[in-house]
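Content type mmCIF, C-alpha atoms, from the file start26.cif:
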data_target
loop_
_atom_site.label_atom_id
_atom_site.label_comp_id
_atom_site.auth_asym_id
_atom_site.auth_seq_id
_atom_site.Cartn_x
_atom_site.Cartn_y
_atom_site.Cartn_z
CA MET Q 1 96.72 74.86 114.97
CA PRO Q 2 95.44 72.68 112.12
CA ALA Q 3 93.73 74.37 109.22
CA LYS Q 4 90.00 73.96 109.56
CA GLU Q 5 87.33 72.63 107.24
CA ASP Q 6 87.44 74.12 103.74
CA PHE Q 7 90.85 75.59 104.43
CA GLY Q 8 93.39 72.91 103.50
CA ILE Q 9 96.88 74.36 103.06
CA ARG Q 10 97.58 74.88 99.34
CA PRO Q 11 100.95 74.68 97.53
CA GLY Q 12 103.11 77.72 98.24
CA GLU Q 13 101.30 78.65 101.43
CA VAL Q 14 103.33 79.40 104.57
CA THR Q 15 102.24 78.82 108.15
CA VAL Q 16 103.77 79.99 111.43
CA ASP Q 17 103.56 78.88 115.04
CA LEU Q 18 101.13 81.12 116.86
CA PRO Q 19 101.85 82.50 120.33
CA ALA Q 20 101.06 79.99 123.09
CA GLN Q 21 98.49 82.24 124.75
CA PRO Q 22 96.15 84.99 123.57
CA ASP Q 23 96.97 88.50 124.78
CA ALA Q 24 93.40 89.70 125.33
CA GLY Q 25 89.82 88.47 125.20
CA ILE Q 26 86.93 89.62 123.05
CA TYR Q 27 83.18 89.36 123.53
CA PHE Q 28 80.70 88.36 120.87
CA ILE Q 29 78.18 91.20 121.22
CA GLY Q 30 75.63 89.84 118.76
CA ARG Q 31 75.21 87.78 115.61
CA ILE Q 32 74.97 88.59 111.91
CA HIS Q 33 72.18 86.93 109.95
CA THR Q 34 72.75 86.50 106.22
CA PRO Q 35 71.28 84.32 103.46
CA TRP Q 36 74.53 82.31 103.19
CA LYS Q 37 74.87 79.02 105.06
CA LYS Q 38 78.08 77.73 103.39
CA ARG Q 39 81.30 79.44 102.30
CA ALA Q 40 80.65 78.53 98.69
CA ASP Q 41 77.36 80.47 98.79
CA CYS Q 42 78.91 83.72 100.05
CA PRO Q 43 79.38 86.51 97.49
CA LYS Q 44 83.06 86.98 96.55
CA ASN Q 45 82.79 90.67 97.21
CA ALA Q 46 80.29 92.48 99.40
CA ARG Q 47 79.57 94.98 96.63
CA GLY Q 48 78.49 92.00 94.56
CA SER Q 49 75.39 91.56 96.69
CA ASP Q 50 72.45 93.78 97.53
CA SER Q 51 71.05 91.23 99.96
CA VAL Q 52 69.63 92.76 103.13
CA CYS Q 53 71.29 91.24 106.19
CA THR Q 54 70.33 91.61 109.85
CA VAL Q 55 72.71 92.46 112.66
CA GLU Q 56 71.25 91.35 115.99
CA LEU Q 57 72.81 92.97 119.03
CA ASP Q 58 72.68 91.28 122.44
CA ALA Q 59 70.10 92.91 124.72
CA ARG Q 60 72.61 94.31 127.20
CA PHE Q 61 74.30 96.42 124.51
CA VAL Q 62 71.15 97.80 122.82
CA PRO Q 63 71.29 101.17 124.67
CA GLY Q 64 74.58 101.70 122.79
CA LEU Q 65 72.60 102.08 119.54
CA LYS Q 66 71.36 105.56 120.53
CA ASP Q 67 72.08 107.99 117.65
CA VAL Q 68 73.27 105.19 115.31
CA GLU Q 69 70.08 105.71 113.29
CA THR Q 70 71.49 109.06 112.14
CA CYS Q 71 74.33 107.30 110.31
CA SER Q 72 73.95 106.38 106.65
CA HIS Q 73 76.86 103.92 106.74
CA LEU Q 74 78.54 101.86 109.44
CA VAL Q 75 81.76 99.94 109.94
CA LEU Q 76 81.08 96.43 111.21
CA LEU Q 77 83.77 94.27 112.79
CA TYR Q 78 83.05 90.57 113.07
CA TRP Q 79 84.82 87.33 113.91
CA MET Q 80 85.59 84.84 111.16
CA ASP Q 81 85.53 81.94 113.57
CA LYS Q 82 85.94 79.21 110.95
CA SER Q 83 89.32 80.44 109.65
CA PRO Q 84 92.84 79.17 110.36
CA ARG Q 85 95.00 81.77 112.07
CA ASN Q 86 98.48 80.52 111.20
CA LEU Q 87 98.73 81.38 107.47
CA VAL Q 88 101.15 84.20 106.64
CA VAL Q 89 101.44 83.56 102.90
CA GLN Q 90 98.31 82.42 101.06
CA ASN Q 91 97.25 81.23 97.65
CA PRO Q 92 93.71 82.55 97.22
CA GLY Q 93 93.30 80.29 94.20
CA HIS Q 94 91.59 82.55 91.72
CA HIS Q 95 94.83 84.48 91.30
CA GLY Q 96 97.15 81.49 90.92
CA THR Q 97 99.90 83.12 92.92
CA GLN Q 98 100.88 83.71 96.56
CA PHE Q 99 100.13 86.78 98.59
CA GLY Q 100 101.08 87.89 102.07
CA THR Q 101 98.16 87.61 104.47
CA PHE Q 102 98.27 91.35 105.20
CA ALA Q 103 97.88 92.17 101.49
CA LEU Q 104 94.59 90.23 101.44
CA ARG Q 105 91.17 90.55 102.99
CA SER Q 106 91.02 86.77 103.41
CA PRO Q 107 89.37 85.65 106.68
CA ALA Q 108 92.49 83.54 107.38
CA ARG Q 109 94.75 85.81 109.47
CA PRO Q 110 96.27 85.83 112.98
CA ASN Q 111 93.26 87.73 114.32
CA PRO Q 112 90.35 86.80 112.04
CA ILE Q 113 88.55 90.12 112.47
CA ALA Q 114 86.71 91.11 109.31
CA MET Q 115 85.82 94.74 108.56
CA SER Q 116 82.94 95.72 106.28
CA VAL Q 117 81.45 99.07 105.41
CA VAL Q 118 77.66 98.66 105.23
CA LYS Q 119 74.71 100.84 104.32
CA LEU Q 120 72.22 101.16 107.19
CA LEU Q 121 68.60 100.71 106.12
CA GLY Q 122 66.98 100.86 109.56
CA ILE Q 123 66.98 99.84 113.22
CA LYS Q 124 64.20 98.12 115.18
CA GLY Q 125 65.01 97.33 118.80
CA GLY Q 126 68.36 95.57 118.73
CA LYS Q 127 68.17 94.65 115.04
CA LEU Q 128 69.87 96.59 112.27
CA SER Q 129 69.03 96.03 108.61
CA VAL Q 130 72.11 96.56 106.45
CA VAL Q 131 73.42 96.01 102.93
CA GLY Q 132 77.06 95.23 102.12
CA LEU Q 133 77.95 91.99 103.90
CA ASP Q 134 79.29 88.75 102.47
CA CYS Q 135 79.75 86.59 105.60
CA LEU Q 136 78.19 83.35 106.76
CA ASP Q 137 74.90 83.29 108.61
CA GLY Q 138 75.49 83.33 112.37
CA THR Q 139 78.85 85.15 112.24
CA PRO Q 140 79.70 86.67 115.65
CA LEU Q 141 79.59 90.48 115.83
CA LEU Q 142 82.42 92.39 117.54
CA ASP Q 143 81.71 96.08 116.96
CA ILE Q 144 79.59 98.70 115.23
CA LYS Q 145 81.14 102.08 114.39
CA PRO Q 146 79.91 105.18 112.55
CA TYR Q 147 81.56 105.64 109.13
CA PHE Q 148 83.13 109.08 108.81
CA PRO Q 149 84.01 109.94 105.21
CA SER Q 150 86.50 112.56 106.43
CA THR Q 151 88.78 109.84 107.84
CA ASP Q 152 87.51 106.59 106.29
CA SER Q 153 86.95 107.41 102.62
CA VAL Q 154 89.97 107.38 100.29
CA PRO Q 155 88.59 107.06 96.74
CA GLN Q 156 92.06 107.30 95.17
CA ALA Q 157 93.57 104.42 97.15
CA VAL Q 158 95.41 101.82 95.09
CA VAL Q 159 96.01 98.08 95.63
CA GLY Q 160 98.85 97.59 93.18
CA TRP Q 161 98.95 93.78 93.19
CA ARG Q 162 95.56 93.73 91.49
CA ASN Q 163 97.40 94.58 88.28
CA LYS Q 164 99.61 91.50 88.59
CA ASP Q 165 97.26 89.11 86.84
CA MET X 1 84.81 96.27 135.52
CA PRO X 2 85.79 99.66 136.96
CA ALA X 3 86.49 102.49 134.59
CA LYS X 4 90.22 102.95 134.23
CA GLU X 5 92.51 105.90 134.64
CA ASP X 6 91.43 109.02 132.71
CA PHE X 7 88.02 107.48 132.11
CA GLY X 8 85.90 108.38 135.13
CA ILE X 9 82.18 107.88 134.47
CA ARG X 10 80.58 111.24 133.63
CA PRO X 11 76.98 112.39 134.33
CA GLY X 12 74.51 110.75 131.96
CA GLU X 13 76.79 107.85 131.09
CA VAL X 14 75.40 104.31 131.26
CA THR X 15 77.37 101.16 132.06
CA VAL X 16 76.42 97.49 131.71
CA ASP X 17 77.63 94.26 133.21
CA LEU X 18 79.94 92.53 130.76
CA PRO X 19 79.78 88.81 130.06
CA ALA X 20 81.63 86.75 132.69
CA GLN X 21 84.04 85.24 130.16
CA PRO X 22 85.50 86.33 126.82
CA ASP X 23 84.30 84.37 123.77
CA ALA X 24 87.61 84.32 121.89
CA GLY X 25 91.24 85.34 122.26
CA ILE X 26 93.30 87.76 120.22
CA TYR X 27 97.03 88.05 119.68
CA PHE X 28 98.99 91.27 119.74
CA ILE X 29 100.93 90.91 116.47
CA GLY X 30 103.07 94.03 116.87
CA ARG X 31 103.18 97.52 118.34
CA ILE X 32 102.42 100.98 117.02
CA HIS X 33 104.95 103.70 117.71
CA THR X 34 103.63 107.27 117.74
CA PRO X 35 104.86 110.58 119.15
CA TRP X 36 102.06 110.59 121.78
CA LYS X 37 102.78 109.32 125.29
CA LYS X 38 99.59 110.54 127.02
CA ARG X 39 95.93 110.66 125.93
CA ALA X 40 95.92 114.44 126.21
CA ASP X 41 98.70 114.63 123.61
CA CYS X 42 96.88 112.55 120.97
CA PRO X 43 95.34 114.41 118.04
CA LYS X 44 91.51 114.52 118.31
CA ASN X 45 91.21 113.27 114.76
CA ALA X 46 93.75 111.32 112.76
CA ARG X 47 93.36 113.70 109.81
CA GLY X 48 94.47 116.44 112.17
CA SER X 49 97.99 115.04 112.16
CA ASP X 50 100.57 114.40 109.48
CA SER X 51 102.95 112.77 111.94
CA VAL X 52 104.73 109.73 110.59
CA CYS X 53 104.12 106.71 112.84
CA THR X 54 105.80 103.32 112.77
CA VAL X 55 104.01 99.98 112.86
CA GLU X 56 106.35 97.27 114.06
CA LEU X 57 105.23 93.73 113.27
CA ASP X 58 106.46 90.77 115.33
CA ALA X 59 109.13 88.76 113.49
CA ARG X 60 107.03 85.64 113.02
CA PHE X 61 104.41 87.55 111.02
CA VAL X 62 106.77 89.52 108.74
CA PRO X 63 106.38 87.10 105.76
CA GLY X 64 102.72 88.19 105.75
CA LEU X 65 103.82 91.63 104.50
CA LYS X 66 104.58 90.31 100.99
CA ASP X 67 102.76 92.52 98.42
CA VAL X 68 101.66 95.02 101.06
CA GLU X 69 104.14 97.52 99.57
CA THR X 70 101.89 97.74 96.50
CA CYS X 71 99.08 99.28 98.60
CA SER X 72 98.81 103.05 98.89
CA HIS X 73 96.51 102.85 101.94
CA LEU X 74 95.92 100.29 104.68
CA VAL X 75 93.32 99.55 107.32
CA LEU X 76 94.91 99.07 110.73
CA LEU X 77 93.12 97.43 113.63
CA TYR X 78 94.58 97.94 117.08
CA TRP X 79 93.68 97.38 120.71
CA MET X 80 92.82 100.34 122.91
CA ASP X 81 93.96 98.55 126.02
CA LYS X 82 93.51 101.49 128.39
CA SER X 83 89.76 101.88 127.80
CA PRO X 84 86.80 100.74 129.92
CA ARG X 85 84.61 98.21 128.12
CA ASN X 86 81.33 98.63 129.98
CA LEU X 87 80.10 102.03 128.72
CA VAL X 88 77.05 101.85 126.40
CA VAL X 89 76.07 105.53 126.60
CA GLN X 90 78.86 108.11 126.75
CA ASN X 91 79.33 111.81 127.20
CA PRO X 92 82.36 112.66 125.07
CA GLY X 93 82.50 116.07 126.74
CA HIS X 94 83.14 118.40 123.83
CA HIS X 95 79.57 117.80 122.63
CA GLY X 96 77.85 118.30 126.02
CA THR X 97 75.37 115.53 125.32
CA GLN X 98 75.14 111.73 125.46
CA PHE X 99 75.72 109.35 122.59
CA GLY X 100 75.39 105.62 122.20
CA THR X 101 78.77 103.92 122.16
CA PHE X 102 78.11 102.51 118.68
CA ALA X 103 77.51 106.01 117.30
CA LEU X 104 81.00 107.05 118.43
CA ARG X 105 84.59 106.14 117.55
CA SER X 106 85.53 106.45 121.23
CA PRO X 107 88.04 103.82 122.39
CA ALA X 108 85.61 102.92 125.21
CA ARG X 109 83.50 100.05 123.78
CA PRO X 110 82.83 96.37 124.60
CA ASN X 111 85.65 95.31 122.27
CA PRO X 112 88.10 98.23 122.22
CA ILE X 113 89.28 97.57 118.67
CA ALA X 114 90.12 100.80 116.85
CA MET X 115 90.12 101.04 113.07
CA SER X 116 92.16 103.60 111.16
CA VAL X 117 92.76 104.13 107.47
CA VAL X 118 96.40 105.09 106.99
CA LYS X 119 98.61 106.14 104.11
CA LEU X 120 101.57 103.80 103.62
CA LEU X 121 104.89 105.59 103.09
CA GLY X 122 107.17 102.57 103.05
CA ILE X 123 108.18 99.23 104.53
CA LYS X 124 111.61 98.16 105.81
CA GLY X 125 111.80 94.67 107.24
CA GLY X 126 108.93 94.40 109.70
CA LYS X 127 108.46 98.16 110.06
CA LEU X 128 105.83 100.16 108.19
CA SER X 129 105.91 103.95 108.06
CA VAL X 130 102.39 105.35 107.94
CA VAL X 131 100.45 108.60 108.29
CA GLY X 132 96.95 108.83 109.75
CA LEU X 133 97.12 107.52 113.31
CA ASP X 134 96.12 109.21 116.54
CA CYS X 135 96.80 106.51 119.15
CA LEU X 136 99.18 106.28 122.07
CA ASP X 137 102.75 105.11 121.64
CA GLY X 138 103.01 101.38 122.27
CA THR X 139 99.44 100.53 121.25
CA PRO X 140 99.10 96.80 120.43
CA LEU X 141 98.52 95.98 116.75
CA LEU X 142 95.84 93.43 115.77
CA ASP X 143 95.69 93.47 111.98
CA ILE X 144 96.83 95.07 108.73
CA LYS X 145 94.51 94.98 105.71
CA PRO X 146 94.68 96.44 102.20
CA TYR X 147 92.24 99.33 101.65
CA PHE X 148 90.00 98.73 98.66
CA PRO X 149 88.20 101.87 97.53
CA SER X 150 85.59 99.75 95.74
CA THR X 151 84.24 98.45 99.06
CA ASP X 152 85.72 100.76 101.70
CA SER X 153 85.29 104.27 100.27
CA VAL X 154 81.88 105.94 100.67
CA PRO X 155 82.45 109.68 100.19
CA GLN X 156 78.75 110.50 100.51
CA ALA X 157 78.29 108.82 103.92
CA VAL X 158 76.58 110.92 106.58
CA VAL X 159 76.85 110.94 110.37
CA GLY X 160 73.66 112.86 111.17
CA TRP X 161 74.30 113.52 114.85
CA ARG X 162 77.17 115.83 113.91
CA ASN X 163 74.51 118.42 113.05
CA LYS X 164 73.04 118.25 116.58
CA ASP X 165 75.32 120.81 118.16
#

Encoding of this model in structure tokens:
Amino acid sequence: MPAKEDFGIRPGEVTVDLPAQPDAGIYFIGRIHTPWKKRADCPKNARGSDSVCTVELDARFVPGLKDVETCSHLVLLYWMDKSPRNLVVQNPGHHGTQFGTFALRSPARPNPIAMSVVKLLGIKGGKLSVVGLDCLDGTPLLDIKPYFPSTDSVPQAVVGWRNKD
Amino acid sequence: MPAKEDFGIRPGEVTVDLPAQPDAGIYFIGRIHTPWKKRADCPKNARGSDSVCTVELDARFVPGLKDVETCSHLVLLYWMDKSPRNLVVQNPGHHGTQFGTFALRSPARPNPIAMSVVKLLGIKGGKLSVVGLDCLDGTPLLDIKPYFPSTDSVPQAVVGWRNKD
């Protein structure tokens, strides 16, 4: 699979042949609306933006939002459909060194499923207002989950490679 | 799509017709090995178990593990392939009331992608030893991500419906 627009392979990057066929199919259950129309406009880190974004769920799935309004924070899964899937070692550029794909949150990965923890501001019909996203406008939505601090919050977690540079 | 084994529709549950075709394909990039062979054996909550589980990555993706060993915690995404996908309102049973699918972490959801935060104990070749899973042995792996407390940890998050019962 060729790397797509904006994602030319950089020096030191490693690609692999992907399996010939997918193993399962996913549905786009809605779309995420953000202020960002190009990759260059997206915030580098979701905590770097307090922009309110809108998650629009397809009508058939709206009954599934029952009780979601009681959640202060949600996990959103979405599909980074503009990313190459064959990069296993990447050079994110601003670090000047290579990293394994699974040590990064880069959208380029075998299954380009992004995960973001967002703050829920409110729900009207099938539209959720949230803060904490950094993706392109129109990004396909895959899932909405309640955020449970008992299992999802690990304040002491460490990403050691951050001390490399 | 009919509900699968173990997942009979219960009173008060609501199903929808799913789209005729999937919108994108995913690859199973490895398998998760756990001590649990049947749903009834799985811990109800991943924090309820300190069992060490093994994540086995397919050989082609192993170079993507570079630098992962510097992470204390990881986000794992995996495919709950035994779950029905057409339930939008569910009755999880132990609560005696109905909940919207997106207010639950139930494996039954339009895209049955589970997300777990795990503690990384070590990596040998393509095998990661982790604590914090509650899934069936053999569950297909979709992704491994570093856990960043700056964006992923929200200790004060609230799931309000937990106070219902």

One decimal place gives the CA of Asp50 (chain Q)-CA of Arg105 (chain Q) separation as 19.8 Å

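Evaluated against this file, the PyMOL selection byres ((chain X and resi 121) around 9) yields X:Val52, X:Glu69, X:Ser72, X:His73, X:Lys119, X:Leu120, X:Gly122, X:Ile123, X:Leu128, X:Ser129, X:Val130, X:Val131.
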
List every residue of chain Q that has an atom at most 7 Å from any atom of chain X, giving for each one its closest atom pair and the distance in Å to one decimal, counting only C-alpha atoms, sorted by chain and then by ascending residue number, as a tab-separated table.
residue	atom	partner	partner_atom	distance
Q:Val16	CA	X:Arg60	CA	6.7
Q:Pro22	CA	X:Tyr27	CA	5.0
Q:Asp23	CA	X:Tyr27	CA	5.1
Q:Ala24	CA	X:Ile26	CA	5.5
Q:Gly25	CA	X:Gly25	CA	4.5
Q:Ile26	CA	X:Pro22	CA	5.2
Q:Tyr27	CA	X:Pro22	CA	5.0
Q:Phe28	CA	X:Asp23	CA	6.1
Q:Arg47	CA	X:Thr151	CA	6.3
Q:Arg60	CA	X:Val16	CA	6.7
Q:Phe61	CA	X:Val88	CA	6.4
Q:Pro63	CA	X:Val88	CA	6.1
Q:Gly64	CA	X:Gly100	CA	4.0
Q:Leu65	CA	X:Gly100	CA	5.2
Q:Lys66	CA	X:Gly100	CA	4.4
Q:Asp67	CA	X:Ala103	CA	5.8
Q:Val68	CA	X:Ala103	CA	4.8
Q:Thr70	CA	X:Gly160	CA	4.5
Q:Cys71	CA	X:Val159	CA	4.4
Q:Ser72	CA	X:Val158	CA	5.2
Q:His73	CA	X:Ala157	CA	5.8
Q:Val88	CA	X:Gly64	CA	4.4
Q:Val89	CA	X:Gly64	CA	5.6
Q:Phe99	CA	X:Lys66	CA	6.2
Q:Gly100	CA	X:Gly64	CA	4.0
Q:Thr101	CA	X:Gly64	CA	4.8
Q:Phe102	CA	X:Lys145	CA	5.3
Q:Ala103	CA	X:Val68	CA	4.8
Q:Leu104	CA	X:Pro146	CA	6.3
Q:Arg105	CA	X:Lys145	CA	6.2
Q:Asn111	CA	X:Ile26	CA	5.9
Q:Val117	CA	X:Asp152	CA	5.9
Q:Leu142	CA	X:Asn111	CA	6.4
Q:Asp143	CA	X:Asn111	CA	6.7
Q:Ile144	CA	X:Phe102	CA	5.3
Q:Lys145	CA	X:Phe102	CA	5.3
Q:Pro146	CA	X:Ala103	CA	5.4
Q:Tyr147	CA	X:Ala157	CA	6.9
Q:Phe148	CA	X:Val159	CA	6.7
Q:Pro149	CA	X:Pro155	CA	5.3
Q:Thr151	CA	X:Arg47	CA	6.3
Q:Asp152	CA	X:Val117	CA	5.9
Q:Ser153	CA	X:Ser153	CA	4.3
Q:Val154	CA	X:Ser153	CA	5.6
Q:Pro155	CA	X:Pro149	CA	5.3
Q:Ala157	CA	X:Ser72	CA	5.7
Q:Val158	CA	X:Ser72	CA	5.2
Q:Val159	CA	X:Cys71	CA	4.4
Q:Gly160	CA	X:Thr70	CA	4.5
Q:Trp161	CA	X:Thr70	CA	5.9

Between CA of Lys44 (chain Q) and CA of Pro84 (chain Q), what is the distance, to one decimal in Å?
18.6 Å

Could you please determine the separation between CA of Met80 (chain Q) and CA of Lys82 (chain X) in Å, to one decimal place?
25.2 Å

Please provide the set of residues having any atom within 9 Å of Pro35 (chain Q), restricted to all atoms listed in the file, with same-chain residues fewer than 5 positions apart removed, written as an MDAnalysis selection string.
chainID Q and resid 41:42 51:53 136:137

Which of these, X:Ala108, X:Ile32, X:Ile9, X:Ala59, has the shortest distance to Leu141 (chain X) once you count only C-alpha atoms?
X:Ile32

I'd like the contact shell of Lys127 (chain X) - 7 Å cut-off, only C-alpha atoms, skipping same-chain residues fewer than 2 positions apart - returned as a PDB file with C-alpha atoms, keeping the file's coordinate frame.
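Produced file part22.pdb, reproduced below:
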ATOM      1  CA  THR X  54     105.800 103.320 112.770  1.00  0.00           C
ATOM      2  CA  VAL X  55     104.010  99.980 112.860  1.00  0.00           C
ATOM      3  CA  GLU X  56     106.350  97.270 114.060  1.00  0.00           C
ATOM      4  CA  LEU X  57     105.230  93.730 113.270  1.00  0.00           C
ATOM      5  CA  ILE X 123     108.180  99.230 104.530  1.00  0.00           C
ATOM      6  CA  LYS X 124     111.610  98.160 105.810  1.00  0.00           C
ATOM      7  CA  GLY X 125     111.800  94.670 107.240  1.00  0.00           C
ATOM      8  CA  SER X 129     105.910 103.950 108.060  1.00  0.00           C
TER       9      SER X 129
END

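With distances restricted to all atoms listed in the file, X:Asp58 is the closest residue to Gly126 (chain X) from X:Gly12, X:Lys37, X:Asp58, X:Arg31.
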